[in-house]
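Following: one structure in structure tokens, then a few remarks.
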There are 2 protein chains.
Amino acid sequence: MNTINAYGNLSATEELIPLKISRRDVLPTDVKIDILYCGVCHSDIHTARSEWGASQYPVVPGHEIIGSVVATGRAVTRFGVGDIVGVGCMVDSCRHCTACEEGVEQYCEHGATFTYGSKDNFLGGYTYGGYSENIVVDGRFVLRIPENLDISRAAPLLCAGITTWSPLKHWKVKKGDKVGVIGLGGLGHMGIKLAHALGAYVVMITSSPGKANDAKMLGADEVLISGDTAAMKSHAHSFDFLLNTIPVGHDVDPFLKLLKRDKTMVIVGANEPLTHVNAALLVKRRKNIAGSLIGGIAETQEMLDFCATHGVLPEVEMIPIQKINEAWERVVRSDIKYRFVIDMKSLKSE
Amino acid sequence: MNTINAYGNLSATEELIPLKISRRDVLPTDVKIDILYCGVCHSDIHTARSEWGASQYPVVPGHEIIGSVVATGRAVTRFGVGDIVGVGCMVDSCRHCTACEEGVEQYCEHGATFTYGSKDNFLGGYTYGGYSENIVVDGRFVLRIPENLDISRAAPLLCAGITTWSPLKHWKVKKGDKVGVIGLGGLGHMGIKLAHALGAYVVMITSSPGKANDAKMLGADEVLISGDTAAMKSHAHSFDFLLNTIPVGHDVDPFLKLLKRDKTMVIVGANEPLTHVNAALLVKRRKNIAGSLIGGIAETQEMLDFCATHGVLPEVEMIPIQKINEAWERVVRSDIKYRFVIDMKSLKSE
């Protein structure tokens with residue numbers, strides 16, 4: 001065990017403060033990573049504030065981690081000291097259930113071990129995330145960062161990127177498909193970029209006309225304002241796929257009307273009850289609503305490689321850790337285009 | 001045109017009365033059918049009572065029709081006088097859109113022509129259904145009734161049967177799959193029989209413990225009482241497919257919890273808003289909710305042939321047309337096991 005600096009929320013004071021936590025020793029299959037960059041996800045805030053049920057304090061948030069390998073266990077062959085690597089939302093899973101065997105560890109039947117605030121089923125205790133000097137993770141859950149990916153911008157791919165990539169691939173979005181991305185925040189902006197890079201005709205669907213220019217710069221071919229009834233009607237039954245990134249419960253009926261027969265709207269943002277779902281809209285053209293959670297390790301690697309090949313990178317605003325409270329407040333009021341990344345060098349000056 | 005006896009609802013008096021309607025002449029591609037039996041579907045009542053929007057009166061209900069061919073147009077080669085045939089929920093469609101070309105005419109992009117109360121896009125006027133002496137239908141929408149199918153019981157296959165068959169086939173339910181049929185009414189009882197005949201392990205899911213014995217007699221391997229929290233929990237994440245026949249909006253969350261990862265619950269009963277859908281249940285294991293509407297003509301024929309081969313028949317109670325008002329009241333209070341069939345000979349004595 002070694003005691004290191006981290007940044008987290010120790011109590012209900014809702015104030016992020018520097019703290020000392022212990023990282024586990026490097027086990028034979030482990031990789032120890034000095035953290036260079038960590039993305040800021042709204043989940044960090046929900047967890048630190050116990051908004052998704054009672055959290056286990058101290059919470060050290062952060063699950064969009066880019067770093068440099070500083071040590072490896074003796075059984076690790078895929079990584080060596082100095083490699084640039086990533087850690088996303090998961091650091092372990094049972095490894096033996098059907099989901100794990102199929103490479104969708106996020107759906108592990110015994111519960112994946114998430115990167116922070118999650119019970120560690122093998123070693124006991126709780127996991128601590130990336131607002132920290134370093135992290136020790138089993139090598140199976142460490143991602144290679146391709147050489148030509150700008151590491152100062154890559155961190156958000158490990159949550160926002162994979163969360164939108166996984167459904168695009170699972171539902172087989174392909175060149176020429178008409179894809180709607182609903183909601184333009186951290187997830188939505190990656191949805192546009194990835195769907196565009198896959199060759200889809202991308203329509204950004206938003207309630208905010210002010211987001212139209214940005215959406216086009218990010219790669220949207222068209223912008224559809226959800227409050228414009230005539231425009232929505234003109235797109236009825238025309239979409240091959242809808243990626244719904246709205247982060248709260250909402251009325252999905254206006255969006256269901258946009259789908260072609262037999263096509264699917266996938267919820268990746270809302271983790272709560274939808275306020276209105278008219279079954280008639282599903283029945284009349286055999287439409288589908290589904291959900292999707294982050295993505296497996298193999299598909300995360302596939303996504304990173306794809307982004308390197310296609311030059312896909314998140315739009316980020318870099319901050320030092322000392323600005324984290326201010327950044328969180330801006331995330332809560334959606335005042336960020338489109339993801340904060342913490343330059344973790346700043347933690348060493350604490 | 002010929003004027004014939006029919007039974008329908010002329011006005012808001014909510015009283016079914018005998019009426020004279022005109023059937024179209026037999027066109028070159030038409031088949032004229034003397035109606036022998038007509039099933040009673042809850043839709044008949046909804047339409048006659050304008051419960052699904054304002055109906056066009058007079059309404060002659062009935063879309064589970066078994067009859068005998070009495071005349072054919074000169075271009076008809078597939079049917080001859082004396083053939084026993086069926087007509088289901090549709091009598092026409094545009095024939096040229098993608099849906100029609102794929103054989104799913106129920107999803108016709110220009111709107112299928114339903115068997116009663118539907119605008120006839122080719123001939124004008126509205127369609128009249130099977131509570132009638134005869135019907136004239138384009139041969140493309142007429143089904144062959146296999147010889148070994150008991151024609152006094154076959155009528156409900158044409159709506160209740162195909163409505164449950166179509167999703168079972170579309171979602172590829174196969175031998176050994178664990179299938180839940182939610183709700184035991186006209187649709188549910190066919191869902192059990194068809195899923196059982198397909199070789200599935202069938203669990204009847206109902207709020208009424210009193211329905212358990214019946215469900216087993218119909219072919220259910222197991223009965224799960226939806227109000228029994230412990231039993232519901234013991235079936236969590238275990239179903240390959242759920243066929244939801246509940247006819248009204250309801251909280252689907254308890255059922256979503258039963259599905260395995262990546263599996264689907266299909267709504268075939270509720271044609272209205274669901275009262276509760278928690279997106280988190282979809283997200284956590286990539287589950288799906290879909291809808292499904294009756295079935296195409298080719299798959300209706302496939303289902304009839306399957307039922308003849310496997311001895312699948314609805315449970316029916318035969319009535320004369322003179323008992324229709326009483327039968328409707330019993331349908332409304334779910335006091336029927338499981339479908340009324342009108343012996344249409346009784347209409348000739350009016």
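Residue numbers start at 1 in each chain; chains themselves are named A, B, ... in the order of the structure tokens; ligands are numbered from 1 in the order shown.
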
With all Cα atoms paired residue by residue, do a least-squares superposition of chain A on chain B and hand back the transformed coordinates as a CSV table (one decimal) with C-alpha atoms, in the first residue's frame.
```
chain,number,residue,atom,x,y,z
A,1,MET,CA,-73.9,-4.0,-55.4
A,2,ASN,CA,-76.2,-6.2,-53.4
A,3,THR,CA,-77.9,-5.4,-50.2
A,4,ILE,CA,-77.4,-7.9,-47.4
A,5,ASN,CA,-78.1,-8.4,-43.7
A,6,ALA,CA,-75.5,-7.3,-41.3
A,7,TYR,CA,-75.3,-6.5,-37.6
A,8,GLY,CA,-73.8,-3.3,-36.4
A,9,ASN,CA,-74.0,-0.1,-34.5
A,10,LEU,CA,-75.7,2.7,-36.3
A,11,SER,CA,-75.4,5.5,-33.8
A,12,ALA,CA,-74.4,6.5,-30.3
A,13,THR,CA,-77.3,4.5,-28.9
A,14,GLU,CA,-74.7,1.7,-28.3
A,15,GLU,CA,-77.2,-0.9,-29.3
A,16,LEU,CA,-76.4,-3.4,-32.0
A,17,ILE,CA,-79.2,-3.6,-34.5
A,18,PRO,CA,-79.8,-5.5,-37.7
A,19,LEU,CA,-79.1,-3.3,-40.7
A,20,LYS,CA,-78.9,-3.5,-44.5
A,21,ILE,CA,-75.6,-2.7,-46.1
A,22,SER,CA,-74.3,-2.8,-49.6
A,23,ARG,CA,-71.4,-5.0,-50.5
A,24,ARG,CA,-69.4,-4.2,-53.6
A,25,ASP,CA,-69.8,-6.2,-56.8
A,26,VAL,CA,-67.2,-8.9,-57.3
A,27,LEU,CA,-64.3,-7.3,-59.1
A,28,PRO,CA,-61.9,-9.4,-61.2
A,29,THR,CA,-59.5,-10.0,-58.3
A,30,ASP,CA,-62.2,-10.4,-55.7
A,31,VAL,CA,-63.5,-13.3,-53.7
A,32,LYS,CA,-67.0,-13.4,-52.4
A,33,ILE,CA,-67.4,-15.3,-49.2
A,34,ASP,CA,-70.5,-16.5,-47.4
A,35,ILE,CA,-69.6,-16.0,-43.7
A,36,LEU,CA,-70.0,-19.1,-41.5
A,37,TYR,CA,-68.3,-17.9,-38.3
A,38,CYS,CA,-67.0,-14.6,-37.0
A,39,GLY,CA,-65.0,-14.2,-33.8
A,40,VAL,CA,-65.7,-11.3,-31.3
A,41,CYS,CA,-62.7,-9.1,-30.6
A,42,HIS,CA,-62.6,-6.3,-28.0
A,43,SER,CA,-61.7,-4.0,-31.0
A,44,ASP,CA,-65.2,-4.6,-32.3
A,45,ILE,CA,-66.6,-2.9,-29.2
A,46,HIS,CA,-64.0,-0.1,-29.1
A,47,THR,CA,-64.8,0.8,-32.7
A,48,ALA,CA,-68.6,0.5,-32.4
A,49,ARG,CA,-68.5,2.7,-29.4
A,50,SER,CA,-66.1,5.2,-30.9
A,51,GLU,CA,-63.7,4.5,-28.0
A,52,TRP,CA,-60.7,4.8,-30.4
A,53,GLY,CA,-61.6,8.1,-31.9
A,54,ALA,CA,-64.8,9.0,-33.8
A,55,SER,CA,-66.0,6.0,-35.8
A,56,GLN,CA,-67.8,6.2,-39.2
A,57,TYR,CA,-71.3,4.9,-38.8
A,58,PRO,CA,-72.8,2.5,-39.7
A,59,VAL,CA,-70.1,0.2,-38.2
A,60,VAL,CA,-70.3,-3.5,-39.0
A,61,PRO,CA,-67.7,-5.1,-36.8
A,62,GLY,CA,-65.9,-8.4,-37.1
A,63,HIS,CA,-62.4,-9.2,-38.3
A,64,GLU,CA,-62.1,-12.9,-37.5
A,65,ILE,CA,-64.0,-14.3,-40.4
A,66,ILE,CA,-64.3,-17.9,-41.6
A,67,GLY,CA,-66.5,-18.6,-44.6
A,68,SER,CA,-67.1,-20.4,-47.9
A,69,VAL,CA,-66.3,-19.0,-51.3
A,70,VAL,CA,-69.4,-18.4,-53.3
A,71,ALA,CA,-68.0,-16.5,-56.3
A,72,THR,CA,-64.6,-15.4,-57.6
A,73,GLY,CA,-63.5,-12.7,-60.0
A,74,ARG,CA,-62.2,-13.8,-63.4
A,75,ALA,CA,-58.6,-13.1,-62.4
A,76,VAL,CA,-58.7,-15.2,-59.3
A,77,THR,CA,-56.9,-18.5,-59.6
A,78,ARG,CA,-56.0,-19.4,-56.0
A,79,PHE,CA,-59.6,-19.9,-54.8
A,80,GLY,CA,-62.6,-21.7,-56.2
A,81,VAL,CA,-66.3,-21.9,-55.2
A,82,GLY,CA,-66.7,-24.0,-52.1
A,83,ASP,CA,-63.3,-23.4,-50.6
A,84,ILE,CA,-63.2,-22.7,-46.9
A,85,VAL,CA,-61.3,-19.4,-46.4
A,86,GLY,CA,-60.5,-16.8,-43.8
A,87,VAL,CA,-60.3,-13.0,-43.6
A,88,GLY,CA,-58.5,-11.3,-40.8
A,89,CYS,CA,-58.0,-7.7,-39.7
A,90,MET,CA,-57.0,-6.3,-43.2
A,91,VAL,CA,-58.7,-6.4,-46.6
A,92,ASP,CA,-56.2,-4.3,-48.5
A,93,SER,CA,-53.1,-2.0,-48.5
A,94,CYS,CA,-51.2,0.1,-51.0
A,95,ARG,CA,-49.3,-3.0,-52.2
A,96,HIS,CA,-46.3,-1.0,-53.3
A,97,CYS,CA,-44.5,0.5,-50.3
A,98,THR,CA,-41.6,-1.2,-48.6
A,99,ALA,CA,-43.8,-2.7,-45.9
A,100,CYS,CA,-46.2,-4.2,-48.5
A,101,GLU,CA,-43.3,-5.5,-50.6
A,102,GLU,CA,-41.8,-7.1,-47.5
A,103,GLY,CA,-45.1,-8.8,-46.7
A,104,VAL,CA,-45.9,-6.8,-43.6
A,105,GLU,CA,-49.0,-5.1,-45.0
A,106,GLN,CA,-50.2,-4.2,-41.5
A,107,TYR,CA,-47.4,-1.6,-41.5
A,108,CYS,CA,-48.3,-0.2,-44.9
A,109,GLU,CA,-46.8,3.2,-45.2
A,110,HIS,CA,-50.0,4.6,-46.7
A,111,GLY,CA,-52.2,2.9,-44.1
A,112,ALA,CA,-53.6,-0.6,-44.5
A,113,THR,CA,-57.3,-0.9,-45.2
A,114,PHE,CA,-58.7,-2.6,-42.1
A,115,THR,CA,-61.7,-5.0,-42.3
A,116,TYR,CA,-64.2,-2.6,-40.9
A,117,GLY,CA,-64.6,1.1,-40.3
A,118,SER,CA,-61.6,1.8,-42.5
A,119,LYS,CA,-61.6,4.1,-45.6
A,120,ASP,CA,-61.3,2.1,-48.8
A,121,ASN,CA,-58.6,3.9,-50.7
A,122,PHE,CA,-59.3,2.2,-54.0
A,123,LEU,CA,-63.1,2.1,-54.1
A,124,GLY,CA,-64.1,4.9,-51.8
A,125,GLY,CA,-66.5,4.6,-48.8
A,126,TYR,CA,-65.8,2.6,-45.7
A,127,THR,CA,-65.3,-1.1,-45.1
A,128,TYR,CA,-67.8,-3.3,-43.4
A,129,GLY,CA,-66.8,-6.4,-41.4
A,130,GLY,CA,-67.8,-9.9,-40.6
A,131,TYR,CA,-71.0,-9.6,-38.5
A,132,SER,CA,-72.7,-10.1,-41.8
A,133,GLU,CA,-74.0,-12.6,-44.3
A,134,ASN,CA,-71.1,-12.2,-46.7
A,135,ILE,CA,-68.1,-10.2,-47.6
A,136,VAL,CA,-66.2,-9.4,-50.8
A,137,VAL,CA,-62.5,-9.1,-50.5
A,138,ASP,CA,-59.5,-8.9,-52.8
A,139,GLY,CA,-58.1,-12.4,-53.2
A,140,ARG,CA,-54.7,-11.3,-52.0
A,141,PHE,CA,-56.1,-10.7,-48.6
A,142,VAL,CA,-58.0,-14.0,-48.3
A,143,LEU,CA,-56.4,-16.9,-46.4
A,144,ARG,CA,-56.7,-20.6,-47.1
A,145,ILE,CA,-58.1,-22.6,-44.1
A,146,PRO,CA,-56.3,-25.9,-44.0
A,147,GLU,CA,-58.6,-28.9,-44.2
A,148,ASN,CA,-57.8,-30.4,-40.8
A,149,LEU,CA,-58.5,-27.2,-38.9
A,150,ASP,CA,-61.9,-27.2,-37.0
A,151,ILE,CA,-63.6,-24.3,-38.7
A,152,SER,CA,-66.0,-23.7,-35.8
A,153,ARG,CA,-63.0,-22.8,-33.7
A,154,ALA,CA,-60.6,-21.3,-36.2
A,155,ALA,CA,-61.9,-17.7,-36.5
A,156,PRO,CA,-60.0,-16.2,-33.5
A,157,LEU,CA,-56.7,-17.3,-35.1
A,158,LEU,CA,-57.2,-14.4,-37.6
A,159,CYS,CA,-56.7,-11.7,-35.0
A,160,ALA,CA,-55.8,-13.1,-31.6
A,161,GLY,CA,-53.7,-15.9,-33.2
A,162,ILE,CA,-51.7,-13.8,-35.7
A,163,THR,CA,-51.2,-10.9,-33.1
A,164,THR,CA,-49.4,-13.3,-30.8
A,165,TRP,CA,-47.8,-15.4,-33.6
A,166,SER,CA,-46.2,-12.5,-35.4
A,167,PRO,CA,-44.0,-11.3,-32.5
A,168,LEU,CA,-43.1,-14.9,-31.5
A,169,LYS,CA,-41.7,-15.5,-35.0
A,170,HIS,CA,-40.2,-12.0,-35.6
A,171,TRP,CA,-38.2,-12.2,-32.3
A,172,LYS,CA,-37.3,-15.8,-33.3
A,173,VAL,CA,-38.7,-17.6,-30.2
A,174,LYS,CA,-37.5,-21.2,-30.4
A,175,LYS,CA,-37.5,-24.6,-28.7
A,176,GLY,CA,-36.3,-24.2,-25.1
A,177,ASP,CA,-36.6,-20.5,-24.8
A,178,LYS,CA,-38.2,-19.2,-21.6
A,179,VAL,CA,-41.1,-17.2,-22.7
A,180,GLY,CA,-43.4,-15.2,-20.5
A,181,VAL,CA,-47.0,-14.5,-21.6
A,182,ILE,CA,-48.3,-11.5,-19.5
A,183,GLY,CA,-52.1,-11.4,-19.1
A,184,LEU,CA,-54.6,-14.2,-19.8
A,185,GLY,CA,-57.4,-13.1,-22.1
A,186,GLY,CA,-58.1,-13.7,-25.8
A,187,LEU,CA,-54.5,-12.8,-26.8
A,188,GLY,CA,-52.8,-14.3,-23.8
A,189,HIS,CA,-54.4,-17.7,-24.2
A,190,MET,CA,-53.3,-17.9,-27.9
A,191,GLY,CA,-49.8,-16.7,-26.8
A,192,ILE,CA,-49.5,-19.6,-24.4
A,193,LYS,CA,-50.7,-22.2,-27.0
A,194,LEU,CA,-48.5,-20.9,-29.8
A,195,ALA,CA,-45.4,-20.5,-27.7
A,196,HIS,CA,-45.9,-23.9,-26.2
A,197,ALA,CA,-46.4,-25.4,-29.7
A,198,LEU,CA,-43.1,-23.7,-30.8
A,199,GLY,CA,-41.4,-25.7,-28.0
A,200,ALA,CA,-40.8,-22.8,-25.6
A,201,TYR,CA,-40.9,-23.2,-21.8
A,202,VAL,CA,-43.9,-21.0,-21.2
A,203,VAL,CA,-44.6,-19.0,-18.0
A,204,MET,CA,-48.0,-17.4,-17.7
A,205,ILE,CA,-47.6,-14.2,-15.8
A,206,THR,CA,-50.8,-12.9,-14.3
A,207,SER,CA,-52.1,-10.8,-11.4
A,208,SER,CA,-54.9,-13.4,-10.8
A,209,PRO,CA,-53.9,-16.6,-8.9
A,210,GLY,CA,-57.3,-17.9,-9.9
A,211,LYS,CA,-56.1,-18.2,-13.5
A,212,ALA,CA,-53.3,-20.7,-12.7
A,213,ASN,CA,-55.1,-23.9,-13.4
A,214,ASP,CA,-56.5,-22.7,-16.7
A,215,ALA,CA,-53.1,-21.4,-17.8
A,216,LYS,CA,-51.6,-24.9,-17.2
A,217,MET,CA,-54.4,-26.6,-19.1
A,218,LEU,CA,-53.7,-24.2,-22.0
A,219,GLY,CA,-50.0,-25.3,-22.1
A,220,ALA,CA,-48.2,-23.1,-19.6
A,221,ASP,CA,-45.3,-24.9,-17.9
A,222,GLU,CA,-45.4,-22.5,-14.9
A,223,VAL,CA,-47.5,-19.7,-13.5
A,224,LEU,CA,-46.0,-16.6,-12.0
A,225,ILE,CA,-48.2,-14.3,-10.0
A,226,SER,CA,-47.1,-10.7,-10.7
A,227,GLY,CA,-48.1,-9.6,-7.2
A,228,ASP,CA,-45.8,-12.1,-5.5
A,229,THR,CA,-42.7,-10.1,-5.1
A,230,ALA,CA,-40.5,-13.0,-4.0
A,231,ALA,CA,-41.6,-15.1,-6.9
A,232,MET,CA,-41.0,-12.2,-9.3
A,233,LYS,CA,-37.6,-11.7,-7.9
A,234,SER,CA,-36.7,-15.4,-8.2
A,235,HIS,CA,-37.4,-15.0,-12.0
A,236,ALA,CA,-35.3,-11.8,-12.4
A,237,HIS,CA,-33.2,-11.6,-15.6
A,238,SER,CA,-34.3,-15.1,-16.7
A,239,PHE,CA,-36.7,-14.6,-19.7
A,240,ASP,CA,-35.7,-14.8,-23.3
A,241,PHE,CA,-38.9,-13.1,-24.4
A,242,LEU,CA,-42.0,-11.5,-22.9
A,243,LEU,CA,-45.3,-11.2,-24.8
A,244,ASN,CA,-47.3,-8.5,-23.0
A,245,THR,CA,-51.0,-8.8,-23.7
A,246,ILE,CA,-52.3,-6.4,-21.0
A,247,PRO,CA,-54.9,-4.4,-22.9
A,248,VAL,CA,-54.4,-1.1,-21.0
A,249,GLY,CA,-51.6,1.2,-20.0
A,250,HIS,CA,-49.7,-0.2,-17.0
A,251,ASP,CA,-46.4,-0.1,-15.1
A,252,VAL,CA,-44.0,-2.3,-17.1
A,253,ASP,CA,-41.1,-2.1,-14.7
A,254,PRO,CA,-41.9,-5.3,-12.8
A,255,PHE,CA,-41.9,-7.2,-16.1
A,256,LEU,CA,-38.7,-5.5,-17.5
A,257,LYS,CA,-36.9,-6.8,-14.5
A,258,LEU,CA,-37.7,-10.4,-15.6
A,259,LEU,CA,-35.9,-10.1,-19.0
A,260,LYS,CA,-32.4,-11.4,-19.7
A,261,ARG,CA,-29.8,-9.0,-21.0
A,262,ASP,CA,-30.4,-8.0,-24.7
A,263,LYS,CA,-33.9,-9.5,-24.7
A,264,THR,CA,-37.2,-7.9,-25.6
A,265,MET,CA,-40.7,-7.4,-24.1
A,266,VAL,CA,-43.3,-6.9,-26.9
A,267,ILE,CA,-46.5,-5.0,-26.2
A,268,VAL,CA,-49.4,-6.3,-28.3
A,269,GLY,CA,-52.3,-5.3,-26.0
A,270,ALA,CA,-51.9,-1.7,-24.8
A,271,ASN,CA,-52.6,0.8,-27.4
A,272,GLU,CA,-52.1,3.8,-25.1
A,273,PRO,CA,-49.6,5.3,-22.7
A,274,LEU,CA,-47.7,3.1,-20.3
A,275,THR,CA,-47.9,4.4,-16.8
A,276,HIS,CA,-44.3,3.7,-15.8
A,277,VAL,CA,-41.2,2.9,-17.7
A,278,ASN,CA,-37.9,3.2,-15.8
A,279,ALA,CA,-35.1,3.8,-18.4
A,280,ALA,CA,-32.5,2.5,-15.9
A,281,LEU,CA,-34.0,-1.0,-16.3
A,282,LEU,CA,-33.4,-0.8,-20.0
A,283,VAL,CA,-29.9,0.7,-19.7
A,284,LYS,CA,-28.5,-1.7,-17.1
A,285,ARG,CA,-28.8,-4.8,-19.2
A,286,ARG,CA,-29.5,-3.4,-22.7
A,287,LYS,CA,-33.1,-4.5,-22.5
A,288,ASN,CA,-35.7,-3.6,-25.1
A,289,ILE,CA,-39.4,-2.7,-25.3
A,290,ALA,CA,-41.1,-3.0,-28.6
A,291,GLY,CA,-44.6,-3.1,-30.0
A,292,SER,CA,-46.2,-5.4,-32.6
A,293,LEU,CA,-49.4,-5.1,-34.6
A,294,ILE,CA,-51.4,-8.1,-35.9
A,295,GLY,CA,-49.3,-9.7,-38.8
A,296,GLY,CA,-48.9,-9.8,-42.5
A,297,ILE,CA,-50.9,-12.0,-44.9
A,298,ALA,CA,-48.1,-14.4,-45.6
A,299,GLU,CA,-47.3,-15.0,-41.9
A,300,THR,CA,-51.0,-15.3,-41.2
A,301,GLN,CA,-51.1,-18.2,-43.7
A,302,GLU,CA,-48.0,-19.7,-42.1
A,303,MET,CA,-49.7,-19.5,-38.7
A,304,LEU,CA,-52.9,-21.2,-40.0
A,305,ASP,CA,-50.8,-24.0,-41.5
A,306,PHE,CA,-48.8,-24.3,-38.3
A,307,CYS,CA,-51.9,-24.5,-36.2
A,308,ALA,CA,-53.4,-27.2,-38.5
A,309,THR,CA,-50.1,-29.2,-38.2
A,310,HIS,CA,-49.8,-28.8,-34.4
A,311,GLY,CA,-53.5,-29.0,-33.5
A,312,VAL,CA,-53.5,-25.5,-32.0
A,313,LEU,CA,-57.1,-24.1,-31.7
A,314,PRO,CA,-58.6,-21.2,-29.7
A,315,GLU,CA,-60.9,-21.9,-26.8
A,316,VAL,CA,-64.3,-20.6,-27.9
A,317,GLU,CA,-67.9,-20.1,-26.8
A,318,MET,CA,-70.3,-20.2,-29.7
A,319,ILE,CA,-73.2,-17.8,-29.7
A,320,PRO,CA,-76.0,-16.8,-32.2
A,321,ILE,CA,-75.9,-13.2,-33.3
A,322,GLN,CA,-79.0,-12.5,-31.2
A,323,LYS,CA,-76.8,-12.9,-28.1
A,324,ILE,CA,-74.2,-10.4,-29.3
A,325,ASN,CA,-75.1,-7.5,-26.8
A,326,GLU,CA,-74.8,-9.9,-23.9
A,327,ALA,CA,-71.5,-11.3,-25.3
A,328,TRP,CA,-70.0,-7.8,-25.6
A,329,GLU,CA,-70.9,-7.0,-22.0
A,330,ARG,CA,-69.1,-10.2,-21.0
A,331,VAL,CA,-66.0,-9.3,-23.1
A,332,VAL,CA,-65.9,-5.9,-21.4
A,333,ARG,CA,-65.8,-7.6,-17.9
A,334,SER,CA,-63.4,-10.3,-19.1
A,335,ASP,CA,-66.0,-13.0,-18.5
A,336,ILE,CA,-65.1,-15.2,-21.4
A,337,LYS,CA,-62.8,-18.2,-21.8
A,338,TYR,CA,-61.4,-17.1,-24.2
A,339,ARG,CA,-63.2,-15.9,-27.3
A,340,PHE,CA,-66.8,-15.7,-28.5
A,341,VAL,CA,-67.5,-16.9,-32.0
A,342,ILE,CA,-70.7,-16.0,-33.7
A,343,ASP,CA,-72.4,-18.8,-35.7
A,344,MET,CA,-73.5,-16.7,-38.6
A,345,LYS,CA,-76.2,-19.0,-39.7
A,346,SER,CA,-78.2,-17.4,-36.9
A,347,LEU,CA,-78.2,-14.1,-38.9
A,348,LYS,CA,-80.2,-15.7,-41.7
A,349,SER,CA,-83.1,-16.2,-39.3
A,350,GLU,CA,-83.3,-12.5,-38.6
```

DSSP strand (DSSP E or B) selection over segment 56-276 of chain A, as a compact mmCIF listing (two decimals) with C-alpha atoms, in the first residue's frame:
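Produced file selection-v4.txt, reproduced below:
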```txt
# COMPACT_ATOMS: atom_id res chain seq x y z
CA VAL A 59 -15.30 9.30 -2.83
CA ILE A 65 -8.26 8.41 -17.08
CA ILE A 66 -5.20 8.81 -19.29
CA GLY A 67 -1.81 8.04 -17.81
CA SER A 68 1.61 6.55 -18.13
CA VAL A 69 2.58 3.09 -16.91
CA VAL A 70 5.07 3.27 -14.05
CA ALA A 71 5.06 -0.35 -12.90
CA THR A 72 3.63 -3.69 -13.95
CA ILE A 84 0.43 5.62 -22.49
CA VAL A 85 -2.74 3.90 -21.36
CA GLY A 86 -6.34 4.57 -20.40
CA VAL A 87 -8.80 3.44 -17.75
CA MET A 90 -14.73 -0.25 -15.00
CA VAL A 91 -11.68 -1.77 -13.31
CA ASP A 92 -12.91 -5.34 -12.89
CA THR A 113 -16.48 -3.21 -10.34
CA PHE A 114 -16.71 0.42 -11.34
CA LYS A 119 -17.13 -2.47 -3.87
CA TYR A 126 -14.08 0.41 -2.29
CA SER A 132 -5.60 11.23 -8.11
CA ASN A 134 -1.97 7.33 -9.68
CA ILE A 135 -4.14 4.24 -9.95
CA VAL A 136 -3.47 0.50 -9.84
CA VAL A 137 -5.71 -1.56 -12.14
CA ASP A 138 -5.76 -5.15 -13.34
CA LEU A 143 -6.64 0.26 -22.62
CA ARG A 144 -3.84 1.01 -25.06
CA LYS A 178 -30.01 8.48 -41.01
CA VAL A 179 -29.05 8.80 -37.35
CA GLY A 180 -30.56 11.23 -34.87
CA VAL A 181 -28.55 12.30 -31.85
CA ILE A 182 -30.92 13.72 -29.24
CA TYR A 201 -26.20 11.16 -42.17
CA VAL A 202 -26.36 12.78 -38.74
CA VAL A 203 -29.26 14.90 -37.52
CA MET A 204 -28.76 16.73 -34.23
CA ILE A 205 -32.10 16.90 -32.41
CA THR A 206 -32.21 19.57 -29.73
CA GLU A 222 -28.75 18.77 -40.22
CA VAL A 223 -30.27 20.20 -37.05
CA LEU A 224 -33.84 19.47 -36.01
CA ILE A 225 -35.42 21.61 -33.30
CA PHE A 239 -34.71 7.65 -38.90
CA ASP A 240 -32.75 4.41 -38.92
CA PHE A 241 -31.48 4.96 -35.40
CA LEU A 242 -31.90 7.41 -32.53
CA LEU A 243 -29.28 7.92 -29.84
CA ASN A 244 -31.05 9.60 -26.93
CA ASP A 251 -41.49 12.44 -22.86
CA LEU A 259 -38.24 6.30 -36.21
CA LYS A 260 -38.75 4.09 -39.24
CA ARG A 261 -40.58 0.81 -38.77
CA ASP A 262 -38.54 -1.81 -36.89
CA LYS A 263 -35.95 0.73 -35.79
CA THR A 264 -34.67 1.56 -32.33
CA MET A 265 -34.21 4.54 -30.04
CA VAL A 266 -31.50 3.85 -27.48
CA ILE A 267 -31.45 5.65 -24.14
CA PRO A 273 -38.30 6.97 -15.23
CA LEU A 274 -39.39 8.32 -18.60
CA HIS A 276 -44.34 9.52 -21.16
```

Assign secondary structure with DSSP using the backbone only, and return the residues of segment 135-297 of chain A in helix (DSSP H, G or I) as a ChimeraX atom specification. /A:139-141,151-158,160-170,186-197,209-218,229-234,253-256,279-284,297
